[in-house]
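Visitor: Got a structure for you, query34.txt, holding compact mmCIF, C-alpha atoms and all ligand atoms.
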```
# COMPACT_ATOMS: atom_id res chain seq x y z
CA MET N 18 0.00 0.00 0.00
CA GLN N 19 1.68 3.19 -1.19
CA ILE N 20 2.16 6.02 1.29
CA SER N 21 -0.34 8.87 0.83
CA GLN N 22 0.54 12.56 0.52
CA GLN N 23 -1.03 13.20 3.91
CA GLN N 24 1.09 10.48 5.48
CA LEU N 25 4.20 11.84 3.73
CA ASP N 26 3.55 15.27 5.25
CA LEU N 27 3.39 13.68 8.70
CA VAL N 28 6.62 11.76 8.04
CA ASN N 29 8.31 15.04 7.14
CA ASP N 30 7.14 16.55 10.42
CA ARG N 31 8.66 13.59 12.26
CA ILE N 32 11.95 13.82 10.32
CA ARG N 33 12.16 17.50 11.23
CA ALA N 34 11.49 16.77 14.92
CA LEU N 35 14.09 13.99 15.00
CA VAL N 36 16.78 16.11 13.36
CA GLU N 37 16.06 19.15 15.52
CA ALA N 38 16.18 17.12 18.72
CA GLY N 39 19.47 15.51 17.68
CA SER N 40 18.21 12.24 19.16
CA PHE N 41 19.59 8.86 18.07
CA TYR N 42 17.69 8.75 14.76
CA GLY N 43 17.91 12.49 14.29
CA LYS N 44 21.70 12.20 14.17
CA LYS N 45 21.50 9.25 11.77
CA LEU N 46 19.23 11.16 9.41
CA ALA N 47 21.38 14.28 9.64
CA GLU N 48 24.51 12.25 8.85
CA ALA N 49 22.78 10.77 5.81
CA GLY N 50 21.81 14.29 4.74
CA ILE N 51 18.08 13.55 4.91
CA THR N 52 15.89 16.51 5.79
CA HIS N 53 12.66 15.57 4.05
CA VAL N 54 11.04 13.22 1.54
CA GLU N 55 9.23 14.41 -1.57
CA THR N 56 7.63 11.30 -3.09
CA PRO N 57 6.61 7.74 -2.16
CA GLU N 58 9.80 6.59 -3.93
CA ASP N 59 11.91 8.85 -1.70
CA PHE N 60 10.20 7.33 1.30
CA THR N 61 11.19 3.79 0.32
CA LYS N 62 14.82 4.95 0.21
CA LEU N 63 14.79 6.03 3.87
CA PRO N 64 17.00 3.77 5.98
CA PHE N 65 15.30 1.10 8.09
CA SER N 66 15.46 1.16 11.86
CA GLU N 67 16.15 -1.98 13.85
CA LYS N 68 15.78 -3.26 17.39
CA LYS N 69 19.57 -3.23 17.69
CA ASP N 70 19.60 0.54 17.08
CA LEU N 71 17.05 0.97 19.83
CA ARG N 72 19.27 -0.97 22.21
CA ASP N 73 22.28 1.10 21.19
CA ALA N 74 20.30 4.21 22.13
CA TYR N 75 19.89 2.96 25.73
CA PRO N 76 18.92 4.53 28.06
CA LEU N 77 17.27 7.67 26.68
CA GLY N 78 18.83 8.19 23.28
CA LEU N 79 15.49 7.91 21.50
CA MET N 80 13.98 10.82 23.41
CA THR N 81 12.89 13.31 20.77
CA ALA N 82 10.56 15.62 22.74
CA PRO N 83 11.90 18.02 25.43
CA GLU N 84 12.27 16.32 28.83
CA GLU N 85 9.51 18.44 30.42
CA GLU N 86 7.03 16.89 27.98
CA ILE N 87 7.96 13.28 28.70
CA VAL N 88 5.47 11.78 31.16
CA ARG N 89 6.37 8.10 31.11
CA ILE N 90 8.71 5.44 29.79
CA HIS N 91 8.04 1.86 28.85
CA SER N 92 10.52 -0.88 28.21
CA SER N 93 10.43 -3.96 26.06
CA SER N 94 11.26 -7.25 27.69
CA GLY N 95 15.00 -7.59 27.48
CA THR N 96 15.25 -11.36 27.20
CA THR N 97 18.62 -10.86 25.54
CA GLY N 98 20.89 -8.10 26.73
CA THR N 99 20.07 -4.41 26.98
CA PRO N 100 16.39 -3.45 27.15
CA VAL N 101 14.82 -0.83 24.90
CA ILE N 102 13.45 2.32 26.56
CA ILE N 103 10.63 4.19 24.84
CA PRO N 104 9.72 7.67 26.19
CA TYR N 105 6.09 8.90 25.82
CA THR N 106 4.64 12.40 25.91
CA ALA N 107 1.14 13.04 27.29
CA LYS N 108 -0.09 13.19 23.69
CA ASP N 109 1.52 9.81 22.90
CA VAL N 110 -0.22 8.27 25.91
CA ASP N 111 -3.52 9.81 24.79
CA ASP N 112 -3.08 8.77 21.13
CA TRP N 113 -2.40 5.23 22.26
CA ALA N 114 -5.59 5.24 24.35
CA ILE N 115 -7.57 6.53 21.35
CA MET N 116 -6.22 3.71 19.18
CA PHE N 117 -6.96 1.16 21.87
CA LYS N 118 -10.49 2.52 22.29
CA ARG N 119 -10.98 1.96 18.56
CA CYS N 120 -9.84 -1.63 19.03
CA TYR N 121 -12.47 -2.22 21.70
CA GLU N 122 -15.12 -0.57 19.54
CA THR N 123 -14.12 -2.67 16.53
CA ALA N 124 -14.64 -5.74 18.72
CA GLY N 125 -18.13 -4.47 19.58
CA ILE N 126 -17.20 -3.63 23.18
CA THR N 127 -19.00 -0.66 24.76
CA ASN N 128 -19.04 1.50 27.90
CA MET N 129 -21.50 -0.99 29.40
CA ASP N 130 -18.87 -3.72 29.39
CA ARG N 131 -16.81 -4.77 32.39
CA ILE N 132 -13.29 -5.44 31.28
CA GLN N 133 -11.06 -7.77 33.30
CA ILE N 134 -7.42 -7.09 32.51
CA THR N 135 -4.96 -9.90 33.20
CA PRO N 136 -1.77 -8.87 31.32
CA GLY N 137 1.00 -7.46 33.54
CA TYR N 138 1.37 -3.86 34.69
CA GLY N 139 4.71 -2.08 35.05
CA LEU N 140 7.47 -1.32 32.58
CA TRP N 141 5.55 -3.41 30.07
CA THR N 142 3.07 -1.75 27.75
CA ALA N 143 0.55 -4.55 28.26
CA GLY N 144 -1.77 -4.04 31.26
CA ILE N 145 -1.72 -0.26 31.23
CA GLY N 146 -2.46 -0.13 27.49
CA PHE N 147 -5.57 -2.28 27.91
CA GLN N 148 -6.56 -0.10 30.87
CA ASN N 149 -6.13 3.35 29.24
CA GLY N 150 -8.14 2.27 26.21
CA ALA N 151 -10.94 0.85 28.36
CA GLU N 152 -11.12 4.04 30.45
CA LYS N 153 -11.20 6.14 27.28
CA LEU N 154 -14.12 3.99 26.16
CA GLY N 155 -15.83 4.51 29.49
CA ALA N 156 -16.05 0.84 30.37
CA MET N 157 -15.57 -0.47 33.91
CA VAL N 158 -12.04 -1.78 34.36
CA ILE N 159 -11.14 -4.64 36.68
CA PRO N 160 -7.33 -4.27 36.75
CA MET N 161 -6.23 -7.70 37.95
CA GLY N 162 -2.83 -8.15 36.36
CA PRO N 163 -1.52 -11.69 35.89
CA GLY N 164 -1.74 -14.74 38.13
CA ASN N 165 -3.66 -15.56 41.30
CA THR N 166 -6.24 -17.66 39.50
CA ASP N 167 -8.50 -18.07 42.59
CA LYS N 168 -8.90 -14.32 43.01
CA GLN N 169 -9.15 -13.88 39.24
CA LEU N 170 -12.10 -16.27 39.00
CA GLN N 171 -13.73 -14.87 42.14
CA MET N 172 -13.68 -11.33 40.73
CA MET N 173 -14.80 -12.57 37.33
CA GLN N 174 -17.93 -14.01 38.95
CA ASP N 175 -18.63 -11.28 41.52
CA MET N 176 -18.01 -8.37 39.14
CA LYS N 177 -19.77 -10.18 36.29
CA SER N 178 -16.89 -9.39 33.92
CA THR N 179 -18.03 -9.42 30.29
CA VAL N 180 -14.64 -9.02 28.58
CA LEU N 181 -11.42 -10.88 29.29
CA CYS N 182 -8.13 -9.32 28.19
CA SER N 183 -5.30 -11.80 28.29
CA THR N 184 -2.65 -13.82 26.51
CA SER N 185 -3.89 -16.92 24.73
CA SER N 186 -2.12 -19.22 27.19
CA TYR N 187 -3.69 -17.55 30.21
CA ALA N 188 -7.13 -17.59 28.59
CA LEU N 189 -6.67 -21.31 28.06
CA LEU N 190 -5.66 -21.84 31.67
CA LEU N 191 -8.70 -19.89 32.92
CA ALA N 192 -11.02 -21.80 30.58
CA GLU N 193 -9.72 -25.09 31.92
CA GLU N 194 -10.05 -23.96 35.54
CA ILE N 195 -13.63 -22.80 34.96
CA GLU N 196 -14.46 -26.17 33.47
CA LYS N 197 -12.73 -28.07 36.28
CA ARG N 198 -14.49 -26.08 39.01
CA GLY N 199 -17.87 -26.37 37.31
CA ILE N 200 -18.54 -22.61 37.59
CA LYS N 201 -19.34 -21.89 33.96
CA ASP N 202 -22.91 -20.82 34.82
CA ASN N 203 -21.56 -18.03 37.03
CA ILE N 204 -19.35 -16.60 34.29
CA HIS N 205 -20.71 -13.68 32.23
CA LEU N 206 -17.89 -13.32 29.70
CA LYS N 207 -18.93 -12.51 26.13
CA LYS N 208 -15.66 -11.55 24.51
CA GLY N 209 -11.95 -12.09 24.80
CA VAL N 210 -9.29 -9.66 23.58
CA ILE N 211 -6.13 -11.69 23.16
CA GLY N 212 -2.73 -10.04 22.86
CA SER N 213 0.34 -10.74 20.82
CA GLU N 214 1.23 -14.39 20.75
CA ARG N 215 1.00 -16.68 17.77
CA TRP N 216 -1.65 -19.26 18.54
CA SER N 217 -3.17 -22.09 16.59
CA ASP N 218 -6.73 -22.22 15.26
CA LYS N 219 -7.22 -25.33 17.36
CA MET N 220 -6.40 -23.44 20.57
CA ARG N 221 -8.58 -20.51 19.53
CA LYS N 222 -11.50 -22.84 18.89
CA HIS N 223 -10.98 -24.59 22.20
CA ILE N 224 -10.94 -21.35 24.24
CA SER N 225 -13.85 -19.89 22.32
CA GLU N 226 -16.02 -22.97 22.74
CA SER N 227 -15.23 -23.78 26.34
CA LEU N 228 -15.85 -20.19 27.49
CA GLY N 229 -18.61 -19.55 24.96
CA ILE N 230 -17.03 -16.24 23.89
CA GLU N 231 -15.94 -14.42 20.71
CA LEU N 232 -12.20 -13.88 20.43
CA TYR N 233 -10.33 -10.90 19.00
CA ASP N 234 -6.62 -10.69 18.16
CA ILE N 235 -4.99 -7.45 19.16
CA TYR N 236 -1.68 -6.42 17.60
CA GLY N 237 1.07 -4.17 18.85
CA LEU N 238 4.62 -3.89 20.09
CA THR N 239 6.25 -1.77 22.77
CA GLU N 240 8.47 0.05 20.27
CA ILE N 241 5.29 1.31 18.55
CA TYR N 242 3.06 2.43 21.50
CA GLY N 243 2.20 -1.13 22.64
CA PRO N 244 -0.83 -3.37 22.06
CA GLY N 245 -3.76 -1.62 20.41
CA ILE N 246 -2.51 -0.66 16.96
CA GLY N 247 -4.73 -3.21 15.21
CA ILE N 248 -7.51 -5.75 15.82
CA ASN N 249 -9.79 -8.01 13.81
CA CYS N 250 -13.45 -7.07 13.29
CA GLU N 251 -16.55 -9.27 13.41
CA TYR N 252 -15.73 -10.77 9.97
CA ASN N 253 -12.39 -12.03 11.25
CA GLU N 254 -10.57 -11.53 7.96
CA GLY N 255 -7.38 -9.90 9.20
CA MET N 256 -6.74 -7.05 11.61
CA HIS N 257 -7.70 -3.46 10.86
CA TYR N 258 -4.90 -1.05 11.74
CA TRP N 259 -4.97 2.69 12.27
CA ASP N 260 -3.36 4.33 9.24
CA ASP N 261 -3.87 7.84 10.58
CA TYR N 262 -1.30 7.00 13.28
CA LEU N 263 0.88 4.50 11.47
CA TYR N 264 2.13 3.74 8.01
CA ILE N 265 2.67 0.02 7.49
CA GLU N 266 4.71 -1.51 4.68
CA VAL N 267 5.39 -5.17 3.98
CA ILE N 268 8.84 -5.91 2.60
CA ASP N 269 10.81 -8.91 1.43
CA PRO N 270 12.97 -9.55 4.51
CA LYS N 271 15.92 -10.66 2.35
CA THR N 272 16.05 -7.80 -0.15
CA GLY N 273 14.32 -5.02 1.81
CA GLU N 274 12.15 -4.26 -1.24
CA PRO N 275 8.42 -3.67 -0.74
CA VAL N 276 6.24 -6.61 -1.83
CA PRO N 277 2.84 -6.13 -3.55
CA ASP N 278 -0.28 -6.08 -1.37
CA GLY N 279 -1.46 -9.61 -0.65
CA GLU N 280 2.06 -11.04 -0.57
CA MET N 281 3.69 -12.26 2.60
CA GLY N 282 6.68 -10.45 4.06
CA GLU N 283 8.01 -8.51 7.02
CA ILE N 284 5.93 -5.77 8.65
CA VAL N 285 7.70 -2.39 8.72
CA ILE N 286 6.08 0.42 10.71
CA THR N 287 6.49 4.19 10.63
CA THR N 288 4.88 6.23 13.41
CA LEU N 289 3.21 9.30 11.92
CA VAL N 290 2.50 11.46 14.98
CA LYS N 291 4.54 10.00 17.83
CA GLU N 292 6.50 12.65 19.77
CA GLY N 293 8.46 10.93 22.53
CA ALA N 294 10.23 8.42 20.29
CA PRO N 295 9.16 8.57 16.63
CA LEU N 296 10.27 5.59 14.57
CA ILE N 297 10.76 5.56 10.83
CA ARG N 298 10.62 2.30 8.86
CA TYR N 299 10.98 0.12 11.95
CA ARG N 300 11.53 -3.54 11.08
CA THR N 301 9.32 -5.66 13.34
CA HIS N 302 10.51 -9.06 12.06
CA ASP N 303 6.83 -10.08 12.27
CA LEU N 304 5.52 -11.80 9.16
CA SER N 305 2.19 -11.04 7.61
CA ARG N 306 0.63 -9.49 4.52
CA ILE N 307 -1.61 -6.57 3.68
CA ILE N 308 -5.04 -7.90 2.77
CA PRO N 309 -6.06 -6.14 -0.45
CA GLY N 310 -9.54 -4.71 -0.95
CA LYS N 311 -12.20 -3.48 1.40
CA CYS N 312 -13.48 -5.40 4.42
CA LYS N 313 -17.08 -6.62 4.49
CA CYS N 314 -17.64 -4.54 7.63
CA GLY N 315 -17.24 -1.35 5.57
CA ARG N 316 -14.52 0.15 7.77
CA CYS N 317 -12.00 2.05 5.68
CA TYR N 318 -8.99 1.11 7.82
CA PRO N 319 -6.62 -1.23 5.94
CA ARG N 320 -5.97 -4.75 7.13
CA LEU N 321 -3.03 -6.93 8.06
CA ASP N 322 -3.42 -10.69 8.08
CA THR N 323 -2.82 -12.66 11.28
CA ILE N 324 0.85 -12.68 12.25
CA MET N 325 2.31 -15.80 10.62
CA GLY N 326 5.57 -15.98 12.53
CA ARG N 327 8.98 -14.33 12.55
CA THR N 328 11.31 -13.56 9.66
CA ASP N 329 13.93 -15.87 11.13
CA ASP N 330 11.61 -18.78 10.22
CA MET N 331 11.49 -17.94 6.51
CA MET N 332 12.75 -20.38 3.88
CA LYS N 333 13.39 -19.51 0.25
CA ILE N 334 12.60 -22.52 -1.94
CA LYS N 335 12.44 -22.43 -5.75
CA GLY N 336 12.57 -18.66 -5.48
CA VAL N 337 9.42 -18.58 -3.33
CA ASN N 338 9.32 -17.38 0.28
CA VAL N 339 7.80 -20.15 2.40
CA PHE N 340 7.03 -20.12 6.11
CA PRO N 341 6.66 -23.23 8.28
CA SER N 342 3.40 -21.79 9.62
CA GLN N 343 1.85 -21.96 6.13
CA ILE N 344 2.64 -25.68 5.90
CA GLU N 345 1.49 -26.22 9.46
CA GLU N 346 -1.88 -24.63 8.70
CA VAL N 347 -2.46 -26.88 5.72
CA LEU N 348 -1.50 -29.97 7.72
CA ALA N 349 -3.85 -29.00 10.56
CA ASN N 350 -6.79 -29.56 8.20
CA PHE N 351 -6.05 -33.27 7.83
CA SER N 352 -7.58 -35.31 10.62
CA GLU N 353 -5.74 -38.45 9.43
CA ILE N 354 -2.38 -37.11 10.63
CA ASN N 355 -1.14 -35.96 14.01
CA SER N 356 0.62 -32.65 14.73
CA GLU N 357 4.16 -33.97 14.19
CA TYR N 358 5.89 -33.07 10.96
CA GLN N 359 9.30 -32.50 9.47
CA ILE N 360 10.32 -30.41 6.49
CA ARG N 361 13.51 -31.23 4.60
CA ILE N 362 14.81 -28.99 1.87
CA SER N 363 17.52 -30.22 -0.44
CA HIS N 364 19.13 -29.28 -3.72
CA LEU N 365 19.29 -32.12 -6.26
CA ASP N 366 20.22 -31.95 -9.95
CA GLY N 367 20.15 -28.15 -9.91
CA LYS N 368 16.69 -28.02 -8.36
CA ASP N 369 15.34 -27.23 -4.88
CA THR N 370 13.18 -29.97 -3.43
CA MET N 371 10.95 -29.82 -0.39
CA ARG N 372 9.96 -33.01 1.35
CA ILE N 373 7.33 -33.01 4.09
CA TYR N 374 7.13 -35.95 6.47
CA VAL N 375 3.93 -36.48 8.43
CA GLU N 376 2.70 -39.24 10.73
CA SER N 377 -0.44 -41.33 10.48
CA THR N 378 -1.81 -44.60 11.83
CA GLY N 379 -1.68 -47.69 9.64
CA ASP N 380 -5.38 -47.73 8.73
CA VAL N 381 -5.20 -45.10 5.99
CA ASP N 382 -3.88 -45.35 2.44
CA PHE N 383 -0.52 -43.57 2.74
CA ASP N 384 -0.13 -42.94 -1.01
CA ALA N 385 -3.56 -41.43 -1.51
CA LEU N 386 -3.17 -39.29 1.61
CA SER N 387 0.23 -37.95 0.58
CA LYS N 388 -1.18 -36.97 -2.83
CA ARG N 389 -4.02 -35.05 -1.24
CA ILE N 390 -1.69 -33.27 1.17
CA ALA N 391 0.73 -32.38 -1.66
CA GLU N 392 -2.13 -30.81 -3.65
CA LYS N 393 -3.29 -28.70 -0.71
CA VAL N 394 0.24 -27.52 0.05
CA LYS N 395 0.71 -26.60 -3.61
CA SER N 396 -2.42 -24.47 -3.63
CA ARG N 397 -1.06 -22.64 -0.59
CA ILE N 398 2.59 -22.05 -1.52
CA GLY N 399 2.61 -22.40 -5.31
CA PHE N 400 4.71 -25.51 -5.91
CA THR N 401 4.29 -29.22 -5.24
CA PRO N 402 6.30 -30.75 -2.40
CA ILE N 403 7.09 -34.43 -1.97
CA VAL N 404 4.92 -35.67 0.90
CA LYS N 405 5.83 -38.84 2.78
CA VAL N 406 3.44 -40.34 5.28
CA VAL N 407 5.15 -42.44 7.96
CA GLU N 408 3.92 -44.50 10.91
CA VAL N 409 3.16 -42.68 14.17
CA GLY N 410 6.28 -42.41 16.34
CA VAL N 411 8.82 -42.35 13.51
CA LEU N 412 9.57 -38.61 13.51
CA PRO N 413 11.86 -37.18 16.19
CA ARG N 414 9.98 -35.29 18.93
CA SER N 415 11.16 -31.78 19.63
CA MET N 416 9.77 -28.90 21.62
CA LYS N 417 11.57 -26.48 19.38
CA LYS N 418 9.74 -25.56 16.23
CA THR N 419 12.93 -24.70 14.38
CA ALA N 420 14.14 -28.28 14.67
CA ARG N 421 11.27 -29.36 12.42
CA VAL N 422 12.83 -27.69 9.41
CA ILE N 423 16.04 -29.13 8.06
CA ASP N 424 17.69 -27.28 5.22
CA GLU N 425 20.22 -29.62 3.62
CA ARG N 426 21.11 -27.23 0.80
CA PHE N 427 23.84 -25.53 2.76
CA ASP N 428 25.46 -28.57 4.40
ZN ZN N 501 -13.65 -5.34 8.98
```
Give the structure from this file in structure tokens form.

Guide:
Amino acid sequence: MQISQQQLDLVNDRIRALVEAGSFYGKKLAEAGITHVETPEDFTKLPFSEKKDLRDAYPLGLMTAPEEEIVRIHSSSGTTGTPVIIPYTAKDVDDWAIMFKRCYETAGITNMDRIQITPGYGLWTAGIGFQNGAEKLGAMVIPMGPGNTDKQLQMMQDMKSTVLCSTSSYALLLAEEIEKRGIKDNIHLKKGVIGSERWSDKMRKHISESLGIELYDIYGLTEIYGPGIGINCEYNEGMHYWDDYLYIEVIDPKTGEPVPDGEMGEIVITTLVKEGAPLIRYRTHDLSRIIPGKCKCGRCYPRLDTIMGRTDDMMKIKGVNVFPSQIEEVLANFSEINSEYQIRISHLDGKDTMRIYVESTGDVDFDALSKRIAEKVKSRIGFTPIVKVVEVGVLPRSMKKTARVIDERFD
């Protein structure tokens, strides 16, 4: 989706602010001699920003507004090394709440809802993001934070919570506890707003059915406000995102070139009005695609498909970008096989070959099944793999998803 003139004007405002403040990116832009962009083509020549840059700017190198205007910082979970610190102005905090309010509204949540918030509060953007948006909406917030399942379920019943905000794994845990304790009749939940984890359709269905609620996927990352920058609507065909606050591109993660709408690639985000720490062309390493065309709901906000994984998972086979999650989704539709699989990519006689191994019990016709699977995979990724069905228990078990893909081309 090409950047609009209005969005370009906002980008130029942000470039000016960055350069004037002499913050981390301001210096980078100044060194590269960039003061403004004229056309969409100019925009695509702007350098990307990366998580590593953000770490290098620790602690407050990203701060682009004057200190007296900064009201808060958040930090992304530093599982490896230095954390990232993102400063927010009062306007940033308010803009984020407006976006989050839109998310709730898109999910059909109103000021008559009672919203139980279970993600964590603190340096994280999670809990407080859910809370600010809900208050902006005028709903009643029950700010639980994570854990303490007894208290969580007690409040859920006594307060008659109608909306659960949580991670998919915690929603699953609560659903199982409710079932185990036989208290489903005392639960008033109607909707779940589930934040930022990749989860399978199977798990979604399980949570939705056992709690009897509709589920909504909310997208976001700490570097770009936090959760609340996009959510699916009632038609559940991708997540609408707020293009008056953000410009989103999808690029080929290998070449950095933009891919056409509809094609899978890496999400790159530019903040259009952020003051505390504006980001230009920030590489998220999240994989998805822009869904072309208008949504059935009539909203004019563009859509991103569900996050399909991380760029590190990508494989290039026969010149096509393939992601394990695409294969996994196809396989999940076959009840004859279990969830174990292995993908082997090799290079024979000048050609790339992909072999997919799956497991099934002995009472199905292996040849017929592998043909059917190969056809379905082809319709998804564009070329035919070799599918081999093996007896249950043959494939190595591994907790790590990456171990399921073996690329023998570079051995
Ligand atoms: Zn829609």

Visitor: Could you tell me which of N:Ile235, N:Ile248, N:Val54, N:Leu191 comes closest to ligand ZN 501 (chain N) if we count all atoms listed in the file?

Guide: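 That would be N:Ile248, the residue with the smallest distance to ligand ZN 501 (chain N).
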
Visitor: Hey, which of N:Ile20, N:Ala192, N:Leu386, N:Leu412 ends up closest to Ile286 (chain N)? Count all atoms listed in the file.

Guide: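 Going through N:Ile20, N:Ala192, N:Leu386, N:Leu412 one by one, the smallest distance to Ile286 (chain N) is for N:Ile20.
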
Visitor: For Ile102 (chain N), work out the shell of residues within 10 Å, counting all atoms listed in the file and skipping chain neighbours fewer than 5 positions away, then give it as an MDAnalysis selection string.

Guide: chainID N and resid 71:72 74:80 90:94 140 239:240 294

Visitor: Which residues, written as a list in words, have at least one atom at most 8 Å from region 270-285 of chain N, with all atoms listed in the file counted and residues fewer than 5 positions away on the same chain left out?

Guide: Met18, Ile265, Arg298, Tyr299, Arg300, Thr301, His302, Asp303, Leu304, Ser305, Arg306, Ile307, Ile308, Pro309, Thr328 and Asn338 of chain N

Visitor: Would you work out the distance separating CA of Asn253 (chain N) from atom ZN of ligand ZN 501 (chain N), expressed in Å to one decimal?

Guide: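 According to the coordinates, CA of Asn253 (chain N) and atom ZN of ligand ZN 501 (chain N) are separated by 7.2 Å.
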
Visitor: Hey, which of N:Pro244, N:Pro319, N:Gly293, N:Gly326 ends up closest to Arg31 (chain N)? Count only C-alpha atoms.

Guide: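 Looking only at the distances to Arg31 (chain N), the closest residue turns out to be N:Gly293.
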
Visitor: Between N:Met157, N:Leu46, N:Ile360, N:Val422, which is the closest to Pro64 (chain N) once you count all atoms listed in the file?

Guide: N:Leu46
